[in-house]
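Chemist: What follows is final.cif; its format and atoms are mmCIF, C-alpha atoms.
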data_my_file
loop_
_atom_site.label_atom_id
_atom_site.label_comp_id
_atom_site.auth_asym_id
_atom_site.auth_seq_id
_atom_site.Cartn_x
_atom_site.Cartn_y
_atom_site.Cartn_z
CA MET A 1 -25.31 -18.07 2.62
CA GLY A 2 -27.13 -17.67 5.88
CA GLU A 3 -25.52 -20.30 8.05
CA PRO A 4 -23.52 -19.02 11.02
CA VAL A 5 -19.75 -19.06 10.82
CA HIS A 6 -18.39 -21.67 13.17
CA SER A 7 -14.86 -20.67 13.87
CA SER A 8 -12.75 -17.54 13.87
CA ASN A 9 -10.51 -19.05 11.20
CA GLU A 10 -13.46 -19.38 8.82
CA TYR A 11 -14.51 -15.81 9.57
CA ILE A 12 -11.04 -14.50 8.81
CA GLN A 13 -10.79 -16.55 5.63
CA HIS A 14 -14.22 -15.40 4.54
CA HIS A 15 -13.20 -11.78 4.90
CA LEU A 16 -10.04 -12.22 2.90
CA GLN A 17 -11.73 -13.39 -0.30
CA HIS A 18 -12.46 -11.15 -3.23
CA LEU A 19 -15.65 -10.96 -5.24
CA THR A 20 -14.23 -12.33 -8.46
CA LEU A 21 -15.56 -12.30 -11.98
CA ASN A 22 -14.37 -15.43 -13.72
CA LEU A 23 -13.27 -14.25 -17.17
CA LYS A 24 -13.52 -17.67 -18.72
CA THR A 25 -17.19 -18.19 -17.99
CA MET A 26 -18.21 -14.56 -17.28
CA THR A 27 -19.95 -15.49 -14.05
CA ILE A 28 -19.26 -14.51 -10.50
CA ASP A 29 -17.59 -17.54 -8.97
CA GLU A 30 -14.30 -18.25 -7.29
CA SER A 31 -12.73 -20.85 -9.51
CA GLY A 32 -11.07 -18.67 -12.10
CA GLY A 33 -7.49 -18.99 -10.94
CA PHE A 34 -5.49 -16.33 -12.71
CA TRP A 35 -8.15 -15.17 -15.15
CA VAL A 36 -10.33 -13.22 -12.75
CA LEU A 37 -11.26 -9.62 -12.26
CA ASN A 38 -11.69 -8.53 -8.66
CA LEU A 39 -15.03 -6.83 -8.99
CA ASP A 40 -15.07 -5.40 -5.51
CA THR A 41 -11.77 -3.58 -6.11
CA PHE A 42 -13.01 -2.16 -9.41
CA LEU A 43 -16.32 -1.07 -7.97
CA VAL A 44 -14.96 0.66 -4.88
CA SER A 45 -11.99 2.34 -6.54
CA ILE A 46 -13.99 3.71 -9.49
CA ALA A 47 -16.82 4.86 -7.23
CA LEU A 48 -14.38 6.60 -4.89
CA ALA A 49 -12.57 8.27 -7.80
CA LEU A 50 -15.85 9.58 -9.21
CA ILE A 51 -17.01 10.86 -5.83
CA VAL A 52 -13.78 12.55 -4.75
CA PHE A 53 -12.68 14.00 -8.05
CA GLY A 54 -16.24 14.90 -9.00
CA PHE A 55 -16.47 16.83 -5.74
CA MET A 56 -13.24 18.68 -6.41
CA HIS A 57 -14.27 19.44 -9.99
CA HIS A 58 -17.61 20.78 -8.81
CA ILE A 59 -15.93 23.03 -6.25
CA ALA A 60 -13.48 24.27 -8.86
CA LYS A 61 -16.20 25.10 -11.35
CA HIS A 62 -18.15 27.12 -8.81
CA MET A 63 -15.25 29.08 -7.36
CA THR A 64 -16.07 32.31 -5.60
CA GLU A 65 -13.83 35.22 -4.74
CA VAL A 66 -14.34 34.80 -1.01
CA PRO A 67 -13.90 31.07 -0.49
CA GLY A 68 -16.40 28.98 1.42
CA LYS A 69 -15.42 26.10 3.68
CA MET A 70 -15.29 23.40 1.03
CA GLN A 71 -13.36 25.60 -1.33
CA ASN A 72 -10.88 26.34 1.44
CA LEU A 73 -10.38 22.63 1.99
CA VAL A 74 -9.78 21.89 -1.67
CA GLU A 75 -7.48 24.89 -2.03
CA SER A 76 -5.39 23.91 0.98
CA VAL A 77 -4.93 20.36 -0.31
CA PHE A 78 -3.99 21.74 -3.70
CA GLU A 79 -1.43 24.11 -2.21
CA PHE A 80 0.04 21.35 -0.06
CA VAL A 81 0.65 19.18 -3.11
CA LYS A 82 2.02 22.10 -5.11
CA ASN A 83 4.49 23.02 -2.36
CA SER A 84 5.57 19.41 -1.99
CA VAL A 85 6.30 19.21 -5.70
CA TYR A 86 8.07 22.56 -5.70
CA GLU A 87 10.44 21.55 -2.89
CA ILE A 88 11.76 18.68 -4.96
CA PHE A 89 11.37 19.74 -8.56
CA HIS A 90 11.89 23.38 -9.29
CA GLU A 91 10.48 23.75 -12.76
CA ASN A 92 7.06 25.24 -13.27
CA GLU A 93 4.86 22.76 -15.08
CA VAL A 94 1.54 21.01 -14.81
CA PHE A 95 2.10 17.32 -15.39
CA ILE A 96 3.97 16.21 -12.25
CA PRO A 97 1.75 18.16 -9.83
CA SER A 98 -1.34 16.70 -11.52
CA ILE A 99 -0.08 13.15 -11.09
CA ALA A 100 0.93 13.91 -7.51
CA LEU A 101 -2.52 15.30 -6.69
CA THR A 102 -4.29 12.35 -8.29
CA ILE A 103 -2.20 9.79 -6.46
CA PHE A 104 -2.45 11.55 -3.12
CA ILE A 105 -6.22 12.12 -3.10
CA TRP A 106 -7.13 8.78 -4.62
CA VAL A 107 -4.86 6.72 -2.37
CA ILE A 108 -6.09 8.52 0.76
CA ALA A 109 -9.71 7.91 -0.27
CA MET A 110 -9.08 4.22 -1.00
CA ASN A 111 -7.12 3.69 2.20
CA ALA A 112 -9.80 5.43 4.25
CA MET A 113 -12.25 2.67 3.31
CA ASP A 114 -10.38 0.61 5.88
CA LEU A 115 -11.85 2.68 8.70
CA LEU A 116 -15.38 1.45 8.03
CA PRO A 117 -16.57 -1.44 10.19
CA VAL A 118 -15.32 -4.77 8.93
CA ASP A 119 -18.74 -6.29 8.30
CA LEU A 120 -20.55 -3.24 6.92
CA LEU A 121 -20.05 -3.51 3.17
CA PRO A 122 -19.87 -7.33 3.07
CA ARG A 123 -23.26 -7.60 4.83
CA ILE A 124 -24.83 -5.09 2.44
CA PHE A 125 -23.55 -7.06 -0.52
CA LYS A 126 -24.57 -10.36 1.01
CA ALA A 127 -28.14 -9.05 1.07
CA PHE A 128 -27.84 -8.69 -2.70
CA GLY A 129 -26.52 -12.21 -3.05
CA TYR A 130 -22.79 -11.68 -3.50
CA PRO A 131 -20.91 -13.92 -1.06
CA TYR A 132 -17.58 -12.15 -0.66
CA PHE A 133 -16.53 -8.54 -0.61
CA LYS A 134 -13.30 -6.84 0.36
CA SER A 135 -13.88 -3.17 0.86
CA VAL A 136 -10.32 -1.77 0.72
CA PRO A 137 -9.04 -1.56 -2.87
CA THR A 138 -5.43 -0.89 -1.87
CA ALA A 139 -5.35 -4.09 0.16
CA ASP A 140 -5.52 -5.84 -3.22
CA PRO A 141 -2.05 -6.11 -4.74
CA ASN A 142 -3.55 -5.59 -8.20
CA THR A 143 -4.41 -1.96 -7.42
CA THR A 144 -1.04 -1.01 -5.99
CA PHE A 145 0.87 -2.78 -8.73
CA ALA A 146 -1.29 -1.09 -11.36
CA MET A 147 -0.48 2.33 -9.96
CA SER A 148 3.22 1.65 -9.56
CA PHE A 149 3.40 0.12 -13.04
CA ALA A 150 1.88 3.31 -14.46
CA VAL A 151 4.51 5.35 -12.61
CA PHE A 152 7.20 2.99 -13.92
CA LEU A 153 6.06 3.51 -17.51
CA LEU A 154 6.19 7.25 -16.95
CA ILE A 155 9.73 6.98 -15.56
CA LEU A 156 10.79 4.95 -18.60
CA GLY A 157 9.13 7.41 -20.93
CA TYR A 158 10.90 10.33 -19.34
CA ASN A 159 14.25 8.55 -19.28
CA ILE A 160 14.13 7.62 -22.93
CA GLY A 161 12.24 10.50 -24.41
CA VAL A 162 13.08 13.67 -22.64
CA LYS A 163 16.47 13.46 -21.06
CA LYS A 164 19.42 14.16 -23.32
CA GLY A 165 22.22 11.63 -23.32
CA SER A 166 20.28 9.02 -21.37
CA LEU A 167 21.77 6.09 -23.23
CA LYS A 168 25.28 7.30 -22.61
CA GLU A 169 24.48 7.73 -18.96
CA PHE A 170 22.90 4.28 -18.78
CA LEU A 171 26.11 2.68 -20.03
CA THR A 172 28.76 4.73 -18.30
CA PHE A 173 27.46 5.62 -14.83
CA PRO A 174 28.93 5.04 -12.24
CA PHE A 175 31.93 2.93 -13.14
CA GLY A 176 33.18 4.39 -16.37
CA PRO A 177 32.71 3.25 -19.96
CA TYR A 178 34.70 0.01 -19.95
CA LEU A 179 32.81 -1.68 -17.13
CA PHE A 180 29.46 -1.22 -18.81
CA PRO A 181 27.87 -4.62 -17.94
CA ILE A 182 28.12 -3.75 -14.25
CA ASN A 183 26.67 -0.31 -14.92
CA VAL A 184 23.77 -1.81 -16.82
CA ALA A 185 23.13 -4.34 -14.05
CA PHE A 186 23.15 -1.68 -11.33
CA ARG A 187 20.88 0.56 -13.31
CA LEU A 188 18.43 -2.25 -14.11
CA ILE A 189 18.18 -3.31 -10.48
CA GLU A 190 17.66 0.27 -9.38
CA GLU A 191 14.92 0.79 -11.96
CA ILE A 192 13.12 -2.49 -11.25
CA ILE A 193 13.14 -2.06 -7.48
CA LYS A 194 11.29 1.27 -7.70
CA PRO A 195 7.84 0.08 -8.80
CA ILE A 196 8.09 -3.15 -6.82
CA SER A 197 8.87 -1.37 -3.57
CA LEU A 198 6.21 1.29 -4.17
CA ALA A 199 3.52 -1.30 -4.74
CA LEU A 200 4.52 -3.69 -1.96
CA ARG A 201 4.93 -0.93 0.61
CA LEU A 202 1.37 0.32 0.17
CA PHE A 203 -0.09 -3.18 -0.14
CA GLY A 204 1.76 -4.48 2.92
CA ASN A 205 0.68 -1.66 5.18
CA MET A 206 -2.96 -1.74 4.11
CA PHE A 207 -3.25 -5.52 4.19
CA ALA A 208 -1.72 -5.71 7.65
CA GLY A 209 -4.07 -3.01 8.94
CA GLU A 210 -7.14 -4.67 7.50
CA LEU A 211 -6.08 -8.09 8.80
CA ILE A 212 -5.65 -6.75 12.32
CA PHE A 213 -9.12 -5.22 12.19
CA ILE A 214 -10.53 -8.59 11.07
CA VAL A 215 -8.63 -10.42 13.82
CA ILE A 216 -9.92 -7.95 16.42
CA ALA A 217 -13.45 -8.65 15.22
CA ALA A 218 -12.95 -12.42 15.12
CA VAL A 219 -10.95 -13.27 18.20
CA LEU A 220 -11.63 -10.77 20.96
CA PRO A 221 -14.78 -10.89 23.13
CA TRP A 222 -17.41 -8.27 22.38
CA TRP A 223 -16.75 -6.02 25.37
CA ILE A 224 -13.12 -5.36 24.44
CA GLN A 225 -13.61 -4.93 20.72
CA TRP A 226 -14.43 -1.24 20.86
CA PRO A 227 -11.31 -0.07 22.80
CA ALA A 228 -8.96 -2.31 20.85
CA GLY A 229 -10.49 -1.31 17.53
CA PHE A 230 -10.42 2.34 18.52
CA ILE A 231 -6.73 2.29 19.43
CA TRP A 232 -5.75 0.44 16.29
CA GLY A 233 -8.00 2.77 14.26
CA ILE A 234 -6.20 5.85 15.57
CA PHE A 235 -2.82 4.37 14.70
CA HIS A 236 -4.11 3.21 11.34
CA PHE A 237 -5.30 6.72 10.52
CA LEU A 238 -1.69 7.87 10.77
CA ILE A 239 -0.58 4.98 8.56
CA ILE A 240 -3.21 5.80 5.92
CA THR A 241 -2.19 9.42 5.44
CA LEU A 242 1.50 8.65 5.78
CA GLN A 243 1.47 5.93 3.13
CA ALA A 244 -0.50 8.07 0.69
CA PHE A 245 1.86 10.99 1.26
CA LEU A 246 4.86 8.73 0.85
CA PHE A 247 3.57 7.27 -2.43
CA MET A 248 3.10 10.80 -3.74
CA ILE A 249 6.55 12.01 -2.59
CA LEU A 250 8.32 8.99 -4.02
CA THR A 251 6.50 9.39 -7.33
CA ILE A 252 7.58 13.02 -7.48
CA ILE A 253 11.16 12.12 -6.61
CA TYR A 254 11.39 9.34 -9.19
CA LEU A 255 9.83 11.44 -11.94
CA SER A 256 12.04 14.41 -11.20
CA MET A 257 15.11 12.17 -11.13
CA ALA A 258 14.09 10.80 -14.51
CA ARG A 259 13.87 14.31 -15.88
CA ALA A 260 17.21 15.56 -14.65
CA SER A 261 20.44 13.67 -15.10
CA HIS A 262 22.73 12.20 -12.50
CA GLU A 263 24.94 15.16 -11.81
CA MET B 1 -1.39 -41.48 12.99
CA ASP B 2 1.49 -40.97 10.60
CA THR B 3 -0.43 -38.16 8.91
CA ALA B 4 -0.91 -36.39 12.22
CA VAL B 5 2.83 -36.53 12.89
CA ILE B 6 3.69 -35.02 9.49
CA VAL B 7 1.01 -32.36 9.76
CA GLY B 8 2.20 -31.52 13.25
CA GLN B 9 5.77 -31.10 12.05
CA VAL B 10 4.76 -28.85 9.17
CA GLN B 11 2.55 -26.75 11.43
CA SER B 12 5.23 -26.29 14.05
CA PHE B 13 7.78 -25.13 11.51
CA SER B 14 5.21 -22.77 9.99
CA VAL B 15 4.54 -21.27 13.40
CA LEU B 16 8.27 -20.77 13.95
CA ALA B 17 8.61 -19.16 10.54
CA ALA B 18 5.68 -16.82 11.14
CA GLY B 19 7.05 -15.87 14.55
CA LEU B 20 10.50 -15.15 13.13
CA LEU B 21 9.03 -13.06 10.30
CA ILE B 22 6.94 -10.89 12.57
CA SER B 23 9.50 -10.53 15.34
CA LEU B 24 12.46 -9.68 13.11
CA ALA B 25 10.36 -7.15 11.25
CA ALA B 26 9.40 -5.55 14.55
CA LEU B 27 13.01 -5.58 15.76
CA GLY B 28 14.39 -3.91 12.65
CA THR B 29 11.66 -1.30 12.60
CA ALA B 30 12.03 -0.50 16.28
CA ILE B 31 15.78 0.04 16.03
CA GLY B 32 15.37 2.08 12.85
CA PHE B 33 12.70 4.34 14.28
CA GLY B 34 14.70 4.79 17.47
CA LEU B 35 17.75 5.98 15.54
CA LEU B 36 15.60 8.17 13.31
CA GLY B 37 13.83 9.82 16.22
CA GLY B 38 17.10 10.35 18.06
CA LYS B 39 18.70 12.12 15.13
CA TYR B 40 15.58 14.22 14.64
CA LEU B 41 15.67 15.35 18.27
CA GLU B 42 19.33 16.23 17.99
CA GLY B 43 18.62 18.26 14.86
CA ILE B 44 15.77 20.11 16.56
CA ALA B 45 17.95 20.83 19.58
CA ARG B 46 20.60 22.40 17.40
CA GLN B 47 18.27 24.45 15.19
CA PRO B 48 14.69 24.71 16.48
CA GLU B 49 13.49 26.85 13.59
CA LEU B 50 13.91 23.95 11.18
CA GLY B 51 11.32 21.95 13.14
CA PRO B 52 8.50 21.51 10.59
CA MET B 53 10.81 20.87 7.66
CA LEU B 54 12.72 18.21 9.58
CA MET B 55 9.49 16.62 10.72
CA LEU B 56 8.36 16.31 7.11
CA ARG B 57 11.61 14.60 6.16
CA MET B 58 11.33 12.37 9.21
CA PHE B 59 7.91 11.16 8.12
CA ILE B 60 9.22 10.42 4.65
CA VAL B 61 12.01 8.26 6.03
CA ALA B 62 9.60 6.65 8.51
CA GLY B 63 7.39 5.59 5.63
CA LEU B 64 10.39 4.09 3.85
CA LEU B 65 11.36 2.17 7.00
CA ASP B 66 7.88 0.78 7.32
CA ALA B 67 7.93 -0.79 3.89
CA PHE B 68 9.78 -4.03 4.28
CA ALA B 69 8.55 -4.49 7.81
CA ALA B 70 5.00 -4.34 6.47
CA ILE B 71 5.80 -6.89 3.78
CA SER B 72 7.28 -9.27 6.37
CA ILE B 73 4.29 -8.85 8.62
CA VAL B 74 1.94 -9.60 5.74
CA MET B 75 3.79 -12.81 4.97
CA GLY B 76 3.79 -13.83 8.64
CA MET B 77 0.10 -13.13 8.98
CA ILE B 78 -0.76 -15.07 5.87
CA LEU B 79 1.06 -18.06 7.32
CA PHE B 80 -0.69 -17.58 10.63
CA PHE B 81 -4.26 -16.78 9.72
CA GLY B 82 -4.65 -17.45 6.04
CA ASN B 83 -4.39 -20.81 4.33
CA ASN B 84 -0.93 -22.13 4.97
CA PRO B 85 0.54 -23.21 1.61
CA PHE B 86 2.97 -25.68 3.19
CA LEU B 87 0.14 -27.40 4.99
CA ASN B 88 -1.93 -27.44 1.82
CA ALA B 89 0.87 -29.19 -0.05
CA VAL B 90 1.12 -31.86 2.66
CA LEU B 91 -2.63 -32.39 2.74
CA PHE B 92 -2.74 -32.63 -1.03
CA HIS B 93 -0.15 -35.42 -1.01
CA VAL B 94 -1.79 -37.21 1.90
CA ALA B 95 -5.17 -37.24 0.23
CA LYS B 96 -3.81 -38.98 -2.85
#
Can I see the file as structure tokens?
Modeler:
Amino acid sequence: MGEPVHSSNEYIQHHLQHLTLNLKTMTIDESGGFWVLNLDTFLVSIALALIVFGFMHHIAKHMTEVPGKMQNLVESVFEFVKNSVYEIFHENEVFIPSIALTIFIWVIAMNAMDLLPVDLLPRIFKAFGYPYFKSVPTADPNTTFAMSFAVFLLILGYNIGVKKGSLKEFLTFPFGPYLFPINVAFRLIEEIIKPISLALRLFGNMFAGELIFIVIAAVLPWWIQWPAGFIWGIFHFLIITLQAFLFMILTIIYLSMARASHE
Amino acid sequence: MDTAVIVGQVQSFSVLAAGLLISLAALGTAIGFGLLGGKYLEGIARQPELGPMLMLRMFIVAGLLDAFAAISIVMGMILFFGNNPFLNAVLFHVAK
């Protein structure tokens, strides 16, 4: 693994490969096809979840009357999420704000891994013998589709379980009861496009950002890499927070729409 | 020699496709953001006290606008920098 990379194309390709666990042979190689687990995604996302939520849990357990700096930070994030939920969904309950907080904090933490230098984590893991490593979990479509699929199952659960008259609404909105195939088709398309667009939006933004960082590292000469990387990093910081916030807001909107009916 | 001609044709069409993907995504996003920003400024000019609330809504819509542009850019960049699937198909058939 120590030979120098000869062309920028190889460098870019090398940085776009996952560390895969081949489920058929249970070894770490790249020939698994569909039956692979992306170990780098698992590792980074679970580690980040433990760190960030463990931190918040620790702060919450040791709450004081006069808040310290870290407690202020956690409280302000908490209040931001609560106000965002309250603007859209006026009932007072725990489940939707909890999901919103989880999604917001976790997606921001995972996206922020993109601000580390491109070669940092892959070099560390190459020293341990693992050839490939992609350090941004949300640049893997598996992560984003997993999250949006979970939200989709929640939407379905709310539609079927909680809302009264959902079957009647499914068949008769918006064209009246006799045109029900068209109503069903509209409703199906609307429901299917929600998780697909959620997942692809986050994946597209993060993958494009990561790819531009890799291209800056591969193609530009060394004396211009810092300004170019800095400028793109500033812009990408906005994209990170905006995409996490947007995922949270859209989740809240879809869940609250699934609770109330279409009046 | 024949192989080089075919590979050249496939590559040139891939480059055109990647260019169209990225440029049309940029065009759509630019026009969309321009309209969005213009309406936001008009709203602020009419009622300045609604500033923060309108800015929040503007960011929500901006994130929605970004979505399909980002997907197009990803596809263009995969064609450009990643392994080009059209070229791989040609090379597979040539090697047989």
Chemist: For the file shown, report as a list in words the outcome of the PyMOL selection byres ((chain A and resi 77) around 12) at residue level.
Modeler: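 Output from the PyMOL selection byres ((chain A and resi 77) around 12), applied to this file: Met56, Met70, Gln71, Asn72, Leu73, Val74, Glu75, Ser76, Phe78, Glu79, Phe80, Val81, Lys82, Asn83, Ser84, Pro97, Ala100, Leu101, Thr102, Phe104, Ile105, Ile108 and Phe245 of chain A.
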Chemist: For the interface of chain A with chain B (cut-off 6 Å, counting all atoms listed in the file), please tabulate each contacting residue of chain A alongside its nearest pair of atoms and their separation in Å to one decimal, rows sorted by chain and increasing number, as CSV.
Modeler:
residue,atom,partner,partner_atom,distance
A:Arg201,CA,B:Ala67,CA,4.4
A:Gly204,CA,B:Ile71,CA,4.8
A:Asn205,CA,B:Ala70,CA,5.2
A:Ala208,CA,B:Val74,CA,5.7
Chemist: Just so the selection is clear, what residues does the PyMOL selection byres ((chain A and resi 135) around 8) cover here, as JSON, numbers by chain?
Modeler: {"A": [40, 41, 44, 113, 114, 121, 122, 133, 134, 136, 137]}
Chemist: Find the distance between atom CA of B:Phe33 and atom CA of B:Leu16 and write it in Å to one decimal.
Modeler: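 If I compute the distance from atom CA of B:Phe33 to atom CA of B:Leu16, I get 25.5 Å.
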Chemist: Considering all atoms listed in the file, return as a PyMOL selection string whatever protein or nucleic-acid residues lie within 9 Å of stretch 129-132 of chain A, sequence-local ones (same chain, fewer than 6 positions apart) excluded.
Modeler: chain A and resi 1+14-20+28+40+122-123
Chemist: May I have the residues from that selection written out with C-alpha atoms, as a PDB file, in the frame of the given file?
Modeler:
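Output saved as result25.pdb:
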ATOM      1  CA  MET A   1     -25.310 -18.070   2.620  1.00  0.00           C
ATOM      2  CA  HIS A  14     -14.220 -15.400   4.540  1.00  0.00           C
ATOM      3  CA  HIS A  15     -13.200 -11.780   4.900  1.00  0.00           C
ATOM      4  CA  LEU A  16     -10.040 -12.220   2.900  1.00  0.00           C
ATOM      5  CA  GLN A  17     -11.730 -13.390  -0.300  1.00  0.00           C
ATOM      6  CA  HIS A  18     -12.460 -11.150  -3.230  1.00  0.00           C
ATOM      7  CA  LEU A  19     -15.650 -10.960  -5.240  1.00  0.00           C
ATOM      8  CA  THR A  20     -14.230 -12.330  -8.460  1.00  0.00           C
ATOM      9  CA  ILE A  28     -19.260 -14.510 -10.500  1.00  0.00           C
ATOM     10  CA  ASP A  40     -15.070  -5.400  -5.510  1.00  0.00           C
ATOM     11  CA  PRO A 122     -19.870  -7.330   3.070  1.00  0.00           C
ATOM     12  CA  ARG A 123     -23.260  -7.600   4.830  1.00  0.00           C
TER      13      ARG A 123
END
Chemist: Measuring atom to atom with all atoms listed in the file, identify which of B:Ile22, B:Val10, B:Met53, B:Met58 is nearest to B:Gly37.
Modeler: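 Of the candidates, the smallest distance to B:Gly37 is held by B:Met58.
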Chemist: Do a neighbour search on B:Ile6 at 10 Å with all atoms listed in the file, toss out local chain neighbours closer than 3 positions, and write the hits as a list of chain:residue names.
Modeler: B:Met1, B:Asp2, B:Thr3, B:Gln9, B:Val10, B:Gln11, B:Ser12, B:Leu87, B:Val90, B:Leu91, B:Val94
Chemist: I need the residue set behind the PyMOL selection byres ((chain A and resi 214) around 9) for this file; please write it as a PyMOL selection string.
Modeler: chain A and resi 11-12+15-16+118-119+209-213+215-219
Chemist: Suppose we keep C-alpha atoms; can you now write the selection as a compact mmCIF listing (two decimals), keeping the file's coordinate frame?
Modeler:
# COMPACT_ATOMS: atom_id res chain seq x y z
CA TYR A 11 -14.51 -15.81 9.57
CA ILE A 12 -11.04 -14.50 8.81
CA HIS A 15 -13.20 -11.78 4.90
CA LEU A 16 -10.04 -12.22 2.90
CA VAL A 118 -15.32 -4.77 8.93
CA ASP A 119 -18.74 -6.29 8.30
CA GLY A 209 -4.07 -3.01 8.94
CA GLU A 210 -7.14 -4.67 7.50
CA LEU A 211 -6.08 -8.09 8.80
CA ILE A 212 -5.65 -6.75 12.32
CA PHE A 213 -9.12 -5.22 12.19
CA VAL A 215 -8.63 -10.42 13.82
CA ILE A 216 -9.92 -7.95 16.42
CA ALA A 217 -13.45 -8.65 15.22
CA ALA A 218 -12.95 -12.42 15.12
CA VAL A 219 -10.95 -13.27 18.20
Chemist: Would you mind reading off the distance between atom CA of A:Phe247 and atom CA of B:Ala30, one decimal, in Å?
Modeler: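 Between these atoms lies a distance of 22.0 Å.
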Chemist: Hey, what's within 7 Å of stretch 189-197 of chain A if we count only C-alpha atoms and toss same-chain stuff fewer than 2 positions away? As a list in words, please?
Modeler: Ser148, Phe149, Phe152, Ala185, Phe186, Arg187, Ala199, Leu200 and Arg201 of chain A
Chemist: Work out how far atom CA of A:Asp140 is from atom CA of B:Pro85, in Å to one decimal.
Modeler: 19.0 Å
Chemist: Considering only C-alpha atoms, can you say which of B:Ala17, B:Arg57, B:His93, B:Ala25 comes closest to B:Lys39?
Modeler: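 That would be B:Arg57, the residue with the smallest distance to B:Lys39.
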Chemist: Box along x, y and z, 8 Å on every side, all listed atoms of stretch 126-144 of chain A inside: centre and edge lengths in Å to one decimal, as JSON.
Modeler:
{"center_x": -14.6, "center_y": -7.4, "center_z": -3.6, "size_x": 43.1, "size_y": 29.0, "size_z": 25.3}
